[in-house]
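Below is protein-v5.txt, holding compact mmCIF, C-alpha atoms and all ligand atoms.
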```txt
# COMPACT_ATOMS: atom_id res chain seq x y z
CA MET J 289 -56.22 56.43 -122.33
CA LYS J 290 -58.82 54.72 -120.19
CA GLU J 291 -57.85 54.51 -116.59
CA GLU J 292 -57.96 50.98 -115.32
CA SER J 293 -60.68 50.54 -112.73
CA GLU J 294 -59.69 49.14 -109.40
CA ILE J 295 -62.77 48.38 -107.33
CA ARG J 296 -66.13 47.56 -108.86
CA ILE J 297 -69.32 47.79 -106.82
CA VAL J 298 -72.91 46.95 -107.69
CA HIS J 299 -75.37 49.14 -105.80
CA PHE J 300 -79.07 48.39 -105.71
CA ALA J 301 -81.94 49.05 -103.32
CA ASP J 302 -85.68 49.04 -102.70
CA THR J 303 -86.42 45.57 -103.96
CA HIS J 304 -89.44 45.41 -101.62
CA LEU J 305 -89.74 41.62 -101.60
CA GLY J 306 -93.23 40.67 -100.52
CA TYR J 307 -94.93 43.71 -102.04
CA SER J 308 -98.08 42.81 -103.90
CA ALA J 309 -100.73 44.79 -105.75
CA TYR J 310 -103.83 44.41 -107.88
CA ARG J 311 -105.99 41.33 -107.95
CA LYS J 312 -104.51 39.01 -110.54
CA ILE J 313 -103.13 35.73 -109.25
CA ASP J 314 -101.50 32.74 -110.93
CA SER J 315 -102.75 29.14 -110.85
CA ASP J 316 -101.06 28.64 -107.46
CA GLY J 317 -102.88 31.64 -106.04
CA ILE J 318 -99.78 33.84 -105.93
CA ASN J 319 -100.29 37.53 -106.65
CA LEU J 320 -98.82 38.35 -110.08
CA ARG J 321 -97.39 41.67 -109.00
CA GLU J 322 -95.66 39.98 -106.08
CA LYS J 323 -94.09 37.61 -108.60
CA ASP J 324 -92.94 40.56 -110.73
CA ILE J 325 -91.14 41.96 -107.71
CA TYR J 326 -89.32 38.65 -107.17
CA LYS J 327 -88.49 38.42 -110.85
CA ALA J 328 -86.85 41.85 -110.85
CA PHE J 329 -84.80 40.91 -107.80
CA VAL J 330 -83.67 37.59 -109.28
CA GLU J 331 -82.83 39.29 -112.59
CA THR J 332 -80.70 41.85 -110.76
CA VAL J 333 -78.81 39.10 -108.95
CA ASN J 334 -78.35 37.24 -112.25
CA ARG J 335 -76.70 40.35 -113.65
CA ILE J 336 -74.55 40.76 -110.55
CA VAL J 337 -73.37 37.16 -110.89
CA ASP J 338 -72.33 37.91 -114.49
CA ILE J 339 -70.58 41.15 -113.54
CA ARG J 340 -68.77 39.56 -110.56
CA PRO J 341 -68.21 42.85 -108.72
CA ASP J 342 -65.85 43.18 -105.76
CA ILE J 343 -68.63 44.40 -103.46
CA VAL J 344 -72.43 44.34 -103.53
CA ILE J 345 -74.44 46.97 -101.67
CA HIS J 346 -78.18 46.86 -101.04
CA ALA J 347 -79.22 50.24 -99.62
CA GLY J 348 -82.42 49.28 -97.81
CA ASP J 349 -85.99 48.04 -98.16
CA LEU J 350 -84.93 44.57 -99.23
CA PHE J 351 -88.31 43.50 -97.84
CA ASP J 352 -91.58 45.35 -98.16
CA ASN J 353 -92.47 44.90 -94.53
CA VAL J 354 -91.36 44.01 -91.03
CA ARG J 355 -92.79 40.50 -91.22
CA PRO J 356 -92.14 39.16 -94.69
CA THR J 357 -93.89 35.96 -95.74
CA ASN J 358 -92.12 32.62 -95.99
CA ARG J 359 -92.12 33.06 -99.75
CA ALA J 360 -90.44 36.49 -99.61
CA ILE J 361 -87.88 35.22 -97.12
CA SER J 362 -86.99 32.18 -99.20
CA VAL J 363 -86.56 34.27 -102.36
CA ALA J 364 -84.24 36.65 -100.50
CA LEU J 365 -82.24 33.88 -98.89
CA GLU J 366 -81.80 31.90 -102.10
CA GLN J 367 -80.44 34.89 -104.02
CA ILE J 368 -78.26 36.28 -101.25
CA LEU J 369 -76.75 32.81 -100.83
CA ARG J 370 -75.63 32.91 -104.46
CA LEU J 371 -73.60 36.07 -103.72
CA SER J 372 -72.34 34.61 -100.46
CA LYS J 373 -71.09 31.45 -102.18
CA MET J 374 -69.30 33.50 -104.82
CA GLY J 375 -67.35 35.13 -102.03
CA ILE J 376 -68.60 38.64 -102.81
CA PRO J 377 -68.86 40.87 -99.73
CA THR J 378 -72.55 41.79 -99.68
CA ILE J 379 -73.68 44.67 -97.50
CA ILE J 380 -77.41 44.88 -96.84
CA ILE J 381 -78.70 47.75 -94.73
CA ALA J 382 -82.20 48.00 -93.30
CA GLY J 383 -84.70 50.50 -94.68
CA ASN J 384 -87.82 51.93 -93.09
CA HIS J 385 -90.00 49.16 -94.51
CA GLU J 386 -88.35 46.25 -92.73
CA THR J 387 -87.42 48.03 -89.50
CA PRO J 388 -89.83 47.29 -86.66
CA LYS J 389 -90.88 50.02 -84.29
CA LEU J 390 -90.61 47.69 -81.34
CA LYS J 391 -87.38 46.16 -80.17
CA GLY J 392 -89.25 43.05 -79.08
CA THR J 393 -90.42 42.30 -82.60
CA GLY J 394 -86.91 41.32 -83.65
CA HIS J 395 -85.36 42.08 -87.01
CA ILE J 396 -85.71 39.82 -90.04
CA PHE J 397 -82.10 40.67 -91.01
CA LYS J 398 -80.86 38.57 -88.10
CA LEU J 399 -81.54 35.67 -90.45
CA PHE J 400 -78.59 36.71 -92.63
CA GLU J 401 -76.08 36.99 -89.82
CA HIS J 402 -74.59 33.55 -90.18
CA LEU J 403 -74.09 33.79 -93.96
CA GLU J 404 -70.50 34.05 -95.04
CA ASN J 405 -69.54 37.31 -96.78
CA VAL J 406 -72.92 38.83 -95.95
CA TYR J 407 -73.11 41.91 -93.74
CA PRO J 408 -76.68 42.59 -92.60
CA ILE J 409 -76.77 46.02 -90.94
CA TYR J 410 -79.79 46.93 -88.85
CA ASN J 411 -80.74 48.87 -85.72
CA LYS J 412 -77.40 50.68 -85.53
CA ALA J 413 -74.72 52.23 -87.69
CA GLU J 414 -71.63 50.15 -88.32
CA ARG J 415 -68.35 50.47 -90.12
CA ILE J 416 -67.11 47.60 -92.27
CA ASN J 417 -63.46 47.45 -93.23
CA LEU J 418 -62.56 45.42 -96.29
CA GLU J 419 -59.26 44.66 -97.98
CA ILE J 420 -59.74 44.11 -101.70
CA LYS J 421 -57.01 44.00 -104.36
CA GLY J 422 -54.58 45.52 -101.88
CA LYS J 423 -56.87 48.47 -101.19
CA SER J 424 -58.49 49.30 -97.89
CA ILE J 425 -62.15 50.14 -98.14
CA ALA J 426 -64.10 51.65 -95.26
CA ILE J 427 -67.84 51.22 -95.64
CA HIS J 428 -69.82 53.45 -93.31
CA THR J 429 -73.38 52.22 -92.97
CA VAL J 430 -76.28 54.12 -91.43
CA PRO J 431 -79.43 51.99 -91.62
CA HIS J 432 -82.91 53.12 -90.76
CA CYS J 433 -83.14 53.00 -86.95
CA ARG J 434 -86.08 52.73 -84.62
CA ASP J 435 -85.11 56.07 -83.20
CA ARG J 436 -84.90 59.13 -85.45
CA ASP J 437 -82.37 60.95 -83.23
CA GLU J 438 -80.09 57.95 -83.25
CA PHE J 439 -80.25 57.88 -87.03
CA MET J 440 -79.38 61.58 -87.27
CA GLU J 441 -76.51 61.29 -84.81
CA SER J 442 -75.07 58.31 -86.67
CA LEU J 443 -75.36 60.17 -89.94
CA GLU J 444 -73.67 63.27 -88.55
CA SER J 445 -70.82 61.31 -87.00
CA ALA J 446 -70.13 59.23 -90.12
CA LEU J 447 -66.88 60.65 -91.46
CA PRO J 448 -64.43 59.43 -94.10
CA ASP J 449 -61.36 57.74 -92.69
CA PRO J 450 -58.31 59.45 -94.25
CA SER J 451 -56.22 56.30 -93.78
CA ALA J 452 -58.55 54.22 -95.97
CA ASP J 453 -58.03 54.13 -99.75
CA PHE J 454 -61.76 54.42 -100.35
CA ASN J 455 -64.64 55.57 -98.16
CA ILE J 456 -68.18 54.59 -98.95
CA LEU J 457 -71.35 55.72 -97.18
CA VAL J 458 -74.52 53.64 -97.34
CA THR J 459 -77.78 55.00 -95.96
CA HIS J 460 -81.54 55.00 -96.44
CA GLY J 461 -83.86 58.02 -96.40
CA ALA J 462 -85.06 61.15 -98.16
CA VAL J 463 -82.14 63.39 -99.09
CA GLN J 464 -82.93 67.07 -98.75
CA SER J 465 -81.24 68.78 -101.64
CA VAL J 466 -82.85 71.34 -103.97
CA GLU J 467 -85.80 68.99 -103.81
CA VAL J 468 -86.57 66.41 -101.15
CA PHE J 469 -86.45 62.83 -102.35
CA LYS J 470 -89.44 61.72 -100.33
CA MET J 471 -91.66 58.71 -100.77
CA GLY J 472 -94.46 60.28 -98.72
CA GLU J 473 -94.20 57.71 -95.97
CA ILE J 474 -94.83 58.58 -92.35
CA ASN J 475 -91.74 56.89 -90.96
CA GLU J 476 -89.22 58.12 -93.55
CA TYR J 477 -86.17 60.04 -92.37
CA ILE J 478 -84.86 63.24 -93.92
CA ILE J 479 -81.15 63.28 -94.79
CA PRO J 480 -79.68 66.79 -94.95
CA LEU J 481 -77.34 67.00 -97.94
CA SER J 482 -74.56 68.36 -95.71
CA THR J 483 -74.39 65.06 -93.80
CA ILE J 484 -73.49 63.07 -96.91
CA THR J 485 -71.18 65.54 -98.65
CA LYS J 486 -68.21 65.15 -96.35
CA GLY J 487 -65.75 63.67 -98.78
CA PHE J 488 -66.91 60.09 -99.24
CA ASP J 489 -65.76 58.54 -102.49
CA TYR J 490 -69.23 57.15 -103.07
CA VAL J 491 -72.60 57.48 -101.33
CA ALA J 492 -75.03 54.61 -101.99
CA LEU J 493 -78.57 55.71 -101.26
CA GLY J 494 -81.81 53.83 -100.86
CA HIS J 495 -85.44 54.89 -100.34
CA TYR J 496 -86.30 57.08 -103.32
CA HIS J 497 -87.52 54.81 -106.11
CA GLY J 498 -86.30 56.73 -109.14
CA PHE J 499 -82.67 56.34 -110.19
CA THR J 500 -81.09 59.74 -109.41
CA ARG J 501 -77.58 61.13 -109.43
CA ILE J 502 -77.68 63.84 -106.76
CA ARG J 503 -73.98 64.30 -107.45
CA ASN J 504 -71.71 62.27 -109.67
CA ASN J 505 -70.84 60.11 -106.65
CA ILE J 506 -74.05 60.42 -104.59
CA VAL J 507 -76.64 58.16 -106.12
CA TYR J 508 -80.07 56.66 -105.58
CA SER J 509 -80.09 53.39 -107.51
CA GLY J 510 -83.90 53.46 -107.42
CA SER J 511 -86.12 50.44 -106.99
CA THR J 512 -86.00 47.33 -109.16
CA GLU J 513 -89.73 47.44 -110.00
CA LYS J 514 -92.52 50.03 -110.00
CA MET J 515 -94.52 50.19 -106.80
CA SER J 516 -97.07 52.75 -108.01
CA PHE J 517 -98.19 54.86 -110.95
CA ASN J 518 -96.03 57.65 -109.54
CA GLU J 519 -93.11 55.66 -110.97
CA ILE J 520 -94.65 55.18 -114.40
CA ASN J 521 -91.90 56.97 -116.33
CA GLU J 522 -88.96 55.64 -114.36
CA GLU J 523 -86.45 53.12 -115.63
CA LYS J 524 -85.66 50.40 -113.13
CA GLY J 525 -82.36 48.68 -112.43
CA PHE J 526 -79.10 49.01 -110.56
CA VAL J 527 -75.83 50.96 -110.57
CA ILE J 528 -72.31 49.80 -111.36
CA VAL J 529 -69.72 51.92 -109.56
CA GLU J 530 -66.06 51.94 -110.55
CA LEU J 531 -63.70 53.30 -107.95
CA SER J 532 -60.22 54.30 -109.01
CA LYS J 533 -58.58 57.71 -109.00
CA SER J 534 -61.99 58.98 -109.99
CA VAL J 535 -65.49 57.57 -109.56
CA THR J 536 -67.72 56.56 -112.44
CA THR J 537 -71.27 55.28 -112.23
CA GLU J 538 -73.32 53.47 -114.82
CA PHE J 539 -77.05 52.78 -114.56
CA VAL J 540 -78.11 49.39 -115.88
CA GLN J 541 -81.76 48.98 -116.75
CA ILE J 542 -83.59 45.70 -116.20
CA PRO J 543 -86.86 44.79 -117.92
CA THR J 544 -90.04 45.30 -115.89
CA ARG J 545 -93.73 44.89 -116.64
CA LYS J 546 -95.16 47.63 -118.87
CA MET J 547 -97.13 50.33 -117.11
CA LEU J 548 -99.23 52.63 -119.30
CA GLU J 549 -101.45 55.65 -118.95
CA ILE J 550 -104.18 56.38 -121.49
CA GLY J 551 -105.27 59.98 -121.81
CA PRO J 552 -106.11 62.23 -120.20
CA ILE J 553 -109.24 62.13 -122.34
CA ASP J 554 -111.15 65.40 -122.25
CA CYS J 555 -114.81 64.50 -121.72
CA LYS J 556 -116.16 68.06 -121.80
CA ASP J 557 -119.61 68.23 -123.43
CA LEU J 558 -119.39 64.55 -124.41
CA LYS J 559 -122.21 62.08 -123.93
CA PRO J 560 -121.40 58.67 -122.41
CA ARG J 561 -121.53 56.99 -125.80
CA GLU J 562 -119.19 59.62 -127.28
CA ILE J 563 -116.76 59.10 -124.43
CA LEU J 564 -116.75 55.38 -125.15
CA ASN J 565 -115.99 56.03 -128.81
CA THR J 566 -113.24 58.50 -127.95
CA ILE J 567 -111.57 55.91 -125.74
CA LYS J 568 -111.93 53.30 -128.47
CA ASP J 569 -110.35 55.63 -131.06
CA SER J 570 -107.48 56.59 -128.82
CA ILE J 571 -106.43 52.99 -128.22
CA ALA J 572 -107.08 51.64 -131.71
CA GLY J 573 -104.50 49.05 -132.70
CA ARG J 574 -102.77 49.00 -129.34
CA ASP J 575 -101.95 45.78 -127.54
CA PHE J 576 -102.30 45.80 -123.77
CA THR J 577 -101.47 42.16 -123.18
CA GLY J 578 -99.96 41.79 -119.72
CA CYS J 579 -99.74 45.55 -119.12
CA ILE J 580 -100.74 47.59 -116.11
CA VAL J 581 -103.06 50.27 -117.52
CA ARG J 582 -104.65 53.39 -116.15
CA LEU J 583 -107.21 55.46 -118.03
CA LEU J 584 -107.59 59.14 -117.18
CA LEU J 585 -110.86 60.95 -117.84
CA ILE J 586 -110.97 64.69 -117.21
CA ASN J 587 -113.70 67.33 -117.34
CA ILE J 588 -116.23 64.64 -116.66
CA ASP J 589 -119.32 65.37 -114.62
CA PRO J 590 -119.87 62.83 -111.79
CA SER J 591 -123.33 62.01 -113.14
CA VAL J 592 -121.94 61.36 -116.61
CA TYR J 593 -119.19 59.22 -115.11
CA LYS J 594 -121.75 57.15 -113.22
CA SER J 595 -123.71 56.48 -116.37
CA LEU J 596 -120.67 55.22 -118.31
CA ASP J 597 -120.83 51.60 -119.42
CA MET J 598 -117.86 50.43 -117.36
CA SER J 599 -118.00 46.83 -118.51
CA SER J 600 -117.64 47.98 -122.13
CA ILE J 601 -114.65 50.09 -121.18
CA SER J 602 -113.07 47.27 -119.18
CA SER J 603 -113.55 44.85 -122.05
CA MET J 604 -111.35 47.07 -124.25
CA PHE J 605 -108.53 46.34 -121.78
CA SER J 606 -109.35 42.71 -121.02
CA LYS J 607 -105.87 41.54 -121.95
CA ALA J 608 -104.23 43.91 -119.48
CA MET J 609 -102.84 42.47 -116.27
CA HIS J 610 -104.52 45.33 -114.43
CA PHE J 611 -106.86 48.09 -115.53
CA GLU J 612 -108.13 51.09 -113.59
CA VAL J 613 -109.89 54.37 -114.30
CA ARG J 614 -109.24 57.73 -112.67
CA HIS J 615 -111.60 60.59 -113.33
CA SER J 616 -111.99 64.22 -112.45
CA ALA J 617 -114.61 66.91 -112.92
CA GLY J 618 -111.73 69.33 -113.38
CA LYS J 619 -108.88 69.70 -115.83
CA THR J 620 -106.47 67.40 -114.04
CA VAL J 621 -106.72 64.12 -112.23
CA ASP J 622 -105.54 64.53 -108.69
CA GLN J 623 -102.05 63.06 -108.58
CA VAL J 624 -102.15 62.25 -104.89
CA ILE J 625 -102.75 58.53 -104.81
CA SER J 626 -103.66 58.08 -101.20
CA SER J 627 -104.42 54.40 -101.51
CA GLU J 628 -100.86 53.73 -102.60
CA VAL J 629 -99.10 55.69 -99.87
CA VAL J 630 -97.53 53.17 -97.55
CA ILE J 631 -98.65 53.54 -94.00
CA SER J 632 -96.01 53.02 -91.36
CA ASP J 633 -96.19 50.31 -88.75
CA ILE J 634 -99.33 50.07 -86.70
CA LEU J 635 -97.79 51.37 -83.48
CA THR J 636 -96.66 54.64 -85.07
CA GLU J 637 -100.09 55.00 -86.62
CA PHE J 638 -101.73 54.38 -83.28
CA GLU J 639 -99.53 56.97 -81.55
CA LYS J 640 -100.40 59.55 -84.19
CA PHE J 641 -104.08 58.70 -83.93
CA ILE J 642 -104.14 59.04 -80.15
CA ASP J 643 -102.09 62.22 -80.31
CA LYS J 644 -104.81 63.96 -82.31
CA ARG J 645 -107.62 62.97 -79.95
CA ASN J 646 -108.87 64.92 -76.98
CA LEU J 647 -108.62 62.25 -74.35
CA LYS J 648 -108.56 62.59 -70.58
CA ASP J 649 -106.43 59.53 -69.93
CA LYS J 650 -104.25 59.80 -72.98
CA LYS J 651 -101.20 58.24 -71.35
CA GLU J 652 -103.03 55.26 -69.96
CA PHE J 653 -104.90 54.79 -73.18
CA LEU J 654 -101.68 54.87 -75.18
CA ALA J 655 -99.94 52.45 -72.81
CA LEU J 656 -102.82 50.00 -72.90
CA GLY J 657 -103.15 50.20 -76.68
CA LYS J 658 -99.42 49.66 -77.10
CA LYS J 659 -99.55 46.64 -74.85
CA TYR J 660 -102.34 45.06 -76.90
CA LEU J 661 -100.60 45.84 -80.17
CA GLN J 662 -97.35 44.34 -78.92
CA GLU J 663 -99.18 41.23 -77.82
CA ALA J 664 -100.91 41.01 -81.18
CA GLU J 665 -97.61 41.52 -83.00
CA GLY J 666 -96.20 38.57 -81.11
CA GLU J 667 -98.83 36.30 -82.55
CA ASP J 668 -98.50 34.68 -85.90
CA THR J 669 -101.86 35.44 -87.40
MN MN J 701 -87.72 53.24 -97.88
```

Just dump the structure as C-alpha cells.
Amino acid sequence: MKEESEIRIVHFADTHLGYSAYRKIDSDGINLREKDIYKAFVETVNRIVDIRPDIVIHAGDLFDNVRPTNRAISVALEQILRLSKMGIPTIIIAGNHETPKLKGTGHIFKLFEHLENVYPIYNKAERINLEIKGKSIAIHTVPHCRDRDEFMESLESALPDPSADFNILVTHGAVQSVEVFKMGEINEYIIPLSTITKGFDYVALGHYHGFTRIRNNIVYSGSTEKMSFNEINEEKGFVIVELSKSVTTEFVQIPTRKMLEIGPIDCKDLKPREILNTIKDSIAGRDFTGCIVRLLLINIDPSVYKSLDMSSISSMFSKAMHFEVRHSAGKTVDQVISSEVVISDILTEFEKFIDKRNLKDKKEFLALGKKYLQEAEGEDT
C-alpha cells in the first residue's frame, strides 16, 4: 500500500538569471541564451504552480551575478510573486554568484524582503519554522556568506531540532564526498559531507549544476539550463520531495535548448579538403536548427588547421544558434574550458592578483586599489 505523502516540496537551484552567452540576439537586441535562461526559470515556476507544493526551496544562484540587470530582476520578481500570491512559503537562499564581497554593495535579495510568504536568506544563516498540515517543519538555511569561516561555522552548528516533525537543511556549495562537486569557481565553498549528514530529513543543495543524489535525501537539483559544454549530457529540471515517514525524491526534467558535440573527428594524415569531406559525411542528414553545436577536431596539425576553409565549415552549421570548433594536435581536446570558468567578483580577483606580486607597499597598494574598486562598484556604469 502506498503511504500517503504529507509534505510536498519543490527544490530547484542555479537558475542564474542574467547569464548570457554566444553572440546571437533577437530583434530587440536581447541575447538568445539569456532568454533561454529566463524561459527555463519560467517553465519551472509554471510546473510548480501546477504541482502546488507546500514549500518551494531555491538553493542559491537565483541570479548570475551581484548586480543583475533590470530585465533579470523583473523576471525574478514576476515569477516569485506568482508563488507568493499562491501562499506557498518560498525559501530562496543566496549562492556565491549573487553574494557581494563588500558589505557596502548591498544584497539584491533585500528586494524580496517585503513579499509575503517569501523568505530571502542572505549574508547569514537562519532558521525558518513553518506549521503545515499540523506538522512542524524546521528549515535550517546556510547561504553563501561573504566570510568563509562564518559559512563553515554556520554549517557546523546547523543541527536537526528533535522537537520538529521534519528538519530540512538548505545550503549552497561544493560537497566533498567521494568526489567534490565543484564548479571550478574561485569563490566557491567546500561542504564536508559530515556537516550535512547529521540526521536532517532532507538536504536541498545548490551550486553543482548536474542533478545528483549524494544520498537518497541529500540532493543537488542541478541548474535549470546548461551554462557550458561541461553540462552537455546533463538533464535539467527540478526535484519534487515527499516527506512522510520516509523521504522520496523525484527528478522532473524540463525542456532546454539542444546542445550537441560533433566528433571528435580524427584528422590524422588528412588534407584540409579531406577533413571538410569527413565533417560533411559525419553530419549528413542532420538538422542543427536552433542548436548549440561544437565540433571537435583531433590529431590536427596547427598548420593544417589554419589552412582549413572555416567559412565552408561554418556554413554547414548555419542553422545552429551557435557553432564553435575546438581542435587539438593530440588525441584529445583539452576539456578545461578556461573561457567559461566564472571568475569571482573583482575585489577577490584583485586581492589574489596583488598577493602573487612582489610589491614593496603591498598593503597600501591593496588598500588603495580596494578603495577605487569600491568607489567604482558604487557607480551605475
Ligand atoms: Mn554557485

(message) Please report the interatomic distance between atom CA of J:Phe539 and atom CA of J:Met440 in Å with one decimal.
(response)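 Result for atom CA of J:Phe539 versus atom CA of J:Met440: 28.8 Å, one decimal.
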
(message) Counting only C-alpha atoms and all ligand atoms, what are the residues, protein, DNA or RNA alike, that approach ligand MN 701 (chain J) to within 10 Å? I want them as a PyMOL selection string.
(response) chain J and resi 301-304+347-352+382-387+432+460-462+470-473+475-477+494-497+511+630

Just C-alpha atoms for this one: save the residues we selected as an mmCIF file, in the coordinates of the input.
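Saved result, result25.cif, follows:
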```cif
data_model
loop_
_atom_site.group_PDB
_atom_site.id
_atom_site.type_symbol
_atom_site.label_atom_id
_atom_site.label_comp_id
_atom_site.auth_asym_id
_atom_site.auth_seq_id
_atom_site.Cartn_x
_atom_site.Cartn_y
_atom_site.Cartn_z
ATOM 1 C CA ALA J 301 -81.940 49.050 -103.320
ATOM 2 C CA ASP J 302 -85.680 49.040 -102.700
ATOM 3 C CA THR J 303 -86.420 45.570 -103.960
ATOM 4 C CA HIS J 304 -89.440 45.410 -101.620
ATOM 5 C CA ALA J 347 -79.220 50.240 -99.620
ATOM 6 C CA GLY J 348 -82.420 49.280 -97.810
ATOM 7 C CA ASP J 349 -85.990 48.040 -98.160
ATOM 8 C CA LEU J 350 -84.930 44.570 -99.230
ATOM 9 C CA PHE J 351 -88.310 43.500 -97.840
ATOM 10 C CA ASP J 352 -91.580 45.350 -98.160
ATOM 11 C CA ALA J 382 -82.200 48.000 -93.300
ATOM 12 C CA GLY J 383 -84.700 50.500 -94.680
ATOM 13 C CA ASN J 384 -87.820 51.930 -93.090
ATOM 14 C CA HIS J 385 -90.000 49.160 -94.510
ATOM 15 C CA GLU J 386 -88.350 46.250 -92.730
ATOM 16 C CA THR J 387 -87.420 48.030 -89.500
ATOM 17 C CA HIS J 432 -82.910 53.120 -90.760
ATOM 18 C CA HIS J 460 -81.540 55.000 -96.440
ATOM 19 C CA GLY J 461 -83.860 58.020 -96.400
ATOM 20 C CA ALA J 462 -85.060 61.150 -98.160
ATOM 21 C CA LYS J 470 -89.440 61.720 -100.330
ATOM 22 C CA MET J 471 -91.660 58.710 -100.770
ATOM 23 C CA GLY J 472 -94.460 60.280 -98.720
ATOM 24 C CA GLU J 473 -94.200 57.710 -95.970
ATOM 25 C CA ASN J 475 -91.740 56.890 -90.960
ATOM 26 C CA GLU J 476 -89.220 58.120 -93.550
ATOM 27 C CA TYR J 477 -86.170 60.040 -92.370
ATOM 28 C CA GLY J 494 -81.810 53.830 -100.860
ATOM 29 C CA HIS J 495 -85.440 54.890 -100.340
ATOM 30 C CA TYR J 496 -86.300 57.080 -103.320
ATOM 31 C CA HIS J 497 -87.520 54.810 -106.110
ATOM 32 C CA SER J 511 -86.120 50.440 -106.990
ATOM 33 C CA VAL J 630 -97.530 53.170 -97.550
#
```

(message) What's the separation between atom CA of J:Ser570 and atom CA of J:Arg311, in Å to one decimal place?
(response)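 Interatomic distance here is 25.9 Å.
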
Find the residues of stretch 351-458 of chain J that sit at most 9 Å from stretch 324-329 of chain J; for each, write down the nearest two atoms and how far apart they are in Å, to one decimal. Count all atoms listed in the file. Sort by chain, then by number going up, and give it as JSON lines.
```
{"residue": "J:Ala360", "atom": "CA", "partner": "J:Tyr326", "partner_atom": "CA", "distance": 7.9}
{"residue": "J:Val363", "atom": "CA", "partner": "J:Tyr326", "partner_atom": "CA", "distance": 7.1}
{"residue": "J:Ala364", "atom": "CA", "partner": "J:Phe329", "partner_atom": "CA", "distance": 8.5}
{"residue": "J:Gln367", "atom": "CA", "partner": "J:Phe329", "partner_atom": "CA", "distance": 8.3}
```

Only C-alpha atoms, please: the residues just picked out, written as a PDB file, in the frame of the given file.
```pdb
ATOM      1  CA  ALA J 360     -90.440  36.490 -99.610  1.00  0.00           C
ATOM      2  CA  VAL J 363     -86.560  34.270-102.360  1.00  0.00           C
ATOM      3  CA  ALA J 364     -84.240  36.650-100.500  1.00  0.00           C
ATOM      4  CA  GLN J 367     -80.440  34.890-104.020  1.00  0.00           C
TER       5      GLN J 367
END
```

(request) Grab the atom CA of J:Lys486 to atom CA of J:Asn405 distance for me, in Å with one decimal place. (result)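 One can read the atom CA of J:Lys486 to atom CA of J:Asn405 distance as 27.9 Å.
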
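Shortest separation to J:Ile339 among J:Ile318, J:Ile297, J:Ile550, J:Ile479 occurs at residue J:Ile297, atoms counted being all atoms listed in the file.
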
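Residues surrounding J:Asn411 within 7 Å are J:Pro431, J:His432, J:Cys433, J:Arg434 [only C-alpha atoms; sequence separation below 3 positions excluded].
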
(request) Would you mind telling me which residue in J:Asn505, J:Asn417, J:Ser372, J:Thr485 lies nearest to J:Ala446 when using all atoms listed in the file? (result)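 Closest residue, counting all atoms listed in the file: J:Thr485.
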
(message) When you count all atoms listed in the file, which of these residues is closest to J:Phe488: J:His428, J:Lys524, J:Arg335, J:Lys658?
(response) J:His428

Here's a test: counting all atoms listed in the file, identify every protein, DNA and RNA residue with an atom at most 9 Å from (-79.4, 46.2, -106.5) in the file's coordinate frame, and state them as a PDB file with C-alpha atoms, in the coordinates of the input.
```pdb
ATOM      1  CA  VAL J 298     -72.910  46.950-107.690  1.00  0.00           C
ATOM      2  CA  HIS J 299     -75.370  49.140-105.800  1.00  0.00           C
ATOM      3  CA  PHE J 300     -79.070  48.390-105.710  1.00  0.00           C
ATOM      4  CA  ALA J 301     -81.940  49.050-103.320  1.00  0.00           C
ATOM      5  CA  ASP J 302     -85.680  49.040-102.700  1.00  0.00           C
ATOM      6  CA  THR J 303     -86.420  45.570-103.960  1.00  0.00           C
ATOM      7  CA  PHE J 329     -84.800  40.910-107.800  1.00  0.00           C
ATOM      8  CA  THR J 332     -80.700  41.850-110.760  1.00  0.00           C
ATOM      9  CA  VAL J 333     -78.810  39.100-108.950  1.00  0.00           C
ATOM     10  CA  ILE J 336     -74.550  40.760-110.550  1.00  0.00           C
ATOM     11  CA  VAL J 344     -72.430  44.340-103.530  1.00  0.00           C
ATOM     12  CA  ILE J 345     -74.440  46.970-101.670  1.00  0.00           C
ATOM     13  CA  HIS J 346     -78.180  46.860-101.040  1.00  0.00           C
ATOM     14  CA  ALA J 347     -79.220  50.240 -99.620  1.00  0.00           C
ATOM     15  CA  SER J 509     -80.090  53.390-107.510  1.00  0.00           C
ATOM     16  CA  GLY J 510     -83.900  53.460-107.420  1.00  0.00           C
ATOM     17  CA  SER J 511     -86.120  50.440-106.990  1.00  0.00           C
ATOM     18  CA  THR J 512     -86.000  47.330-109.160  1.00  0.00           C
ATOM     19  CA  GLY J 525     -82.360  48.680-112.430  1.00  0.00           C
ATOM     20  CA  PHE J 526     -79.100  49.010-110.560  1.00  0.00           C
ATOM     21  CA  VAL J 527     -75.830  50.960-110.570  1.00  0.00           C
TER      22      VAL J 527
END
```

(message) Just checking: using all atoms listed in the file, which residue out of J:Glu549, J:Ile502, J:Tyr660, J:Tyr593 ends up closest to J:Glu612?
(response)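 With all atoms listed in the file as the atom set, the closest residue is J:Glu549.
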
(request) Show which residues sit within 7 Å of J:Leu443, as a list in words. Count only C-alpha atoms, and ignore same-chain residues fewer than 4 positions away. (result) Val430, Phe439 and Thr483 of chain J

Next, write the just-selected residues to a file, as a PDB file, keeping the file's coordinate frame, keeping C-alpha atoms as the atom set.
```pdb
ATOM      1  CA  VAL J 430     -76.280  54.120 -91.430  1.00  0.00           C
ATOM      2  CA  PHE J 439     -80.250  57.880 -87.030  1.00  0.00           C
ATOM      3  CA  THR J 483     -74.390  65.060 -93.800  1.00  0.00           C
TER       4      THR J 483
END
```

Please extract stretch 352-365 of chain J and write it out with C-alpha atoms, as a CSV table (one decimal), in the first residue's frame.
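This went into selection-v2.csv:
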```
chain,number,residue,atom,x,y,z
J,352,ASP,CA,24.1,35.0,-12.3
J,353,ASN,CA,25.7,38.0,-10.6
J,354,VAL,CA,25.8,40.5,-7.8
J,355,ARG,CA,24.3,43.3,-9.9
J,356,PRO,CA,21.6,41.7,-12.1
J,357,THR,CA,20.1,43.8,-14.9
J,358,ASN,CA,16.7,45.3,-14.7
J,359,ARG,CA,15.5,42.6,-17.0
J,360,ALA,CA,16.8,39.8,-14.8
J,361,ILE,CA,15.3,41.4,-11.7
J,362,SER,CA,11.9,41.8,-13.3
J,363,VAL,CA,11.8,38.2,-14.5
J,364,ALA,CA,12.7,37.0,-11.0
J,365,LEU,CA,10.2,39.3,-9.3
```
